[in-house]
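So the structure is just underneath, and the comments pick up after that.
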Amino acid sequence: MTESGGQEQSRWITTVIMSTALQNHEISTVLQQQQHRVRYSESVEIGSVIFSLSGVAFILSDTRDLLMTGEEQFSKRIQKFINIHRNSFLVLSAALHRPEEWNVMFRIQRRFLGSNLRIIPVHNTAETVKLMLTIAKITSKTRADDIRYKMAKTKAQIIENSPVWKMLQEYQLHCN
């Protein structure tokens with residue numbers, strides 16, 4: 001652990017389950033370089049990246065591939081994915097999100113409106129890895145508990161130092 005700015009910081013390392021189709025993918029390499037434990041499975045949906053300790057799953061897709069394979073076939077894969085994973089994210093990659101890509105994204109969003117699927121557009125591998133790790137880290141139990149504690153503490157401090165709260169306390173003193 002290192003100290004920086006008076007706060008302790010440690011590297012967050014987790015286990016990642018990926019479909020075997022991503023074994024030679026750049027995302028797999030980046031995660032391994034960051035010392036995450038990467039495991040491959042043939043039993044997960046093609047293009048899946050699962051952070052089991054955080055309870056989140058991502059399915060990666062390139063918008064060009066999606067446009068070529070057809071939305072109906074892709075929608076069946078997505079439906080299967082969201083039926084299995086409670087916290088699911090569709091990561092749509094495109095170097096440039098032109099109107100055609102945005103239209104595809106909106107059609108998918110409309111089709112799965114009300115489901116547990118969240119759609120995130122990305123441009124490159126670095127952005128993809130960063131967003132997946134950020135979401136996984138925030139939703140991991142230890143981090144989530146820490147965030148809840150810090151938010152409750154902050155809320156209490158805000159209320160305690162609030163001029164309105166002080167005014168109400170003074171008013172209550174004068175009424176008694």
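If you're wondering about the labels, chains in the structure tokens are A, B, ... by order shown, residues count from 1 in each chain, ligands from 1 in order shown.
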
Requested in this report: Check the DSSP output for the backbone and give back, as a ChimeraX atom specification, the residues of chain A in alpha helix (DSSP H).
Outcome: /A:26-33,63-69,71-84,99-111,125-139,141-161,163-175

>> Quick one: residues within 10 Å of A:Ser115, only C-alpha atoms, excluding same-chain residues fewer than 6 positions away - as number ranges by chain?
In response: A: 79, 82-83, 86-88, 109

Export of prior selection with C-alpha atoms as a PDB file, in the first residue's frame:
ATOM      1  CA  GLN A  79     -32.064 -11.797 -24.263  1.00  0.00           C
ATOM      2  CA  ILE A  82     -29.902 -10.699 -19.548  1.00  0.00           C
ATOM      3  CA  ASN A  83     -31.941 -13.725 -18.458  1.00  0.00           C
ATOM      4  CA  ARG A  86     -28.946  -9.621 -13.136  1.00  0.00           C
ATOM      5  CA  ASN A  87     -26.618  -6.637 -13.656  1.00  0.00           C
ATOM      6  CA  SER A  88     -25.886  -6.725 -17.365  1.00  0.00           C
ATOM      7  CA  GLN A 109     -32.361   0.241 -26.186  1.00  0.00           C
TER       8      GLN A 109
END

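Closest approach to A:Ser19 from the set A:Ile84, A:Val104, A:Val38, A:Ala126 is made by A:Val38, with distances taken over only C-alpha atoms.
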
What parts of stretch 108-173 of chain A does DSSP call strand (DSSP E or B)? I'd like the answer as a PyMOL selection string. chain A and resi 117-122

- Task: Show which residues sit within 12 Å of stretch 39-54 of chain A, as a PyMOL selection string. Count only C-alpha atoms, and ignore same-chain residues fewer than 3 positions away.
- Result: chain A and resi 13-25+27-29+31-32+36+57-62+74+76-92+128-129+132-144

Counting only C-alpha atoms, closest pick from A:Arg98, A:Arg107, A:His174, A:Arg37 relative to A:Ile119 is A:Arg107

Please provide as a list in words all residues within 9 Å of A:Val122, with the sequence filter that same-chain residues fewer than 3 positions apart are discarded (counting only C-alpha atoms).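 Residues meeting the cut-off are Val91, Leu92, Ser93, Ala94, Ala95, Leu96, His97, Thr125, Glu127, Thr128 and Leu131 of chain A.
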
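Proximity to A:Glu26 was assessed for A:Ile108, A:Leu113, A:Cys175, A:Asn124 counting only C-alpha atoms; the smallest distance is recorded for A:Asn124.
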
When you draw a straight line from atom CA of A:Glu100 to atom CA of A:Asp65, how long is it in Å?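 Going from atom CA of A:Glu100 over to atom CA of A:Asp65 covers 12.8 Å.
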
Using only C-alpha atoms, the shortest atom-to-atom distance to A:Val56 among A:Asn116, A:Ser75, A:Gln35, A:Asn161 belongs to A:Asn116
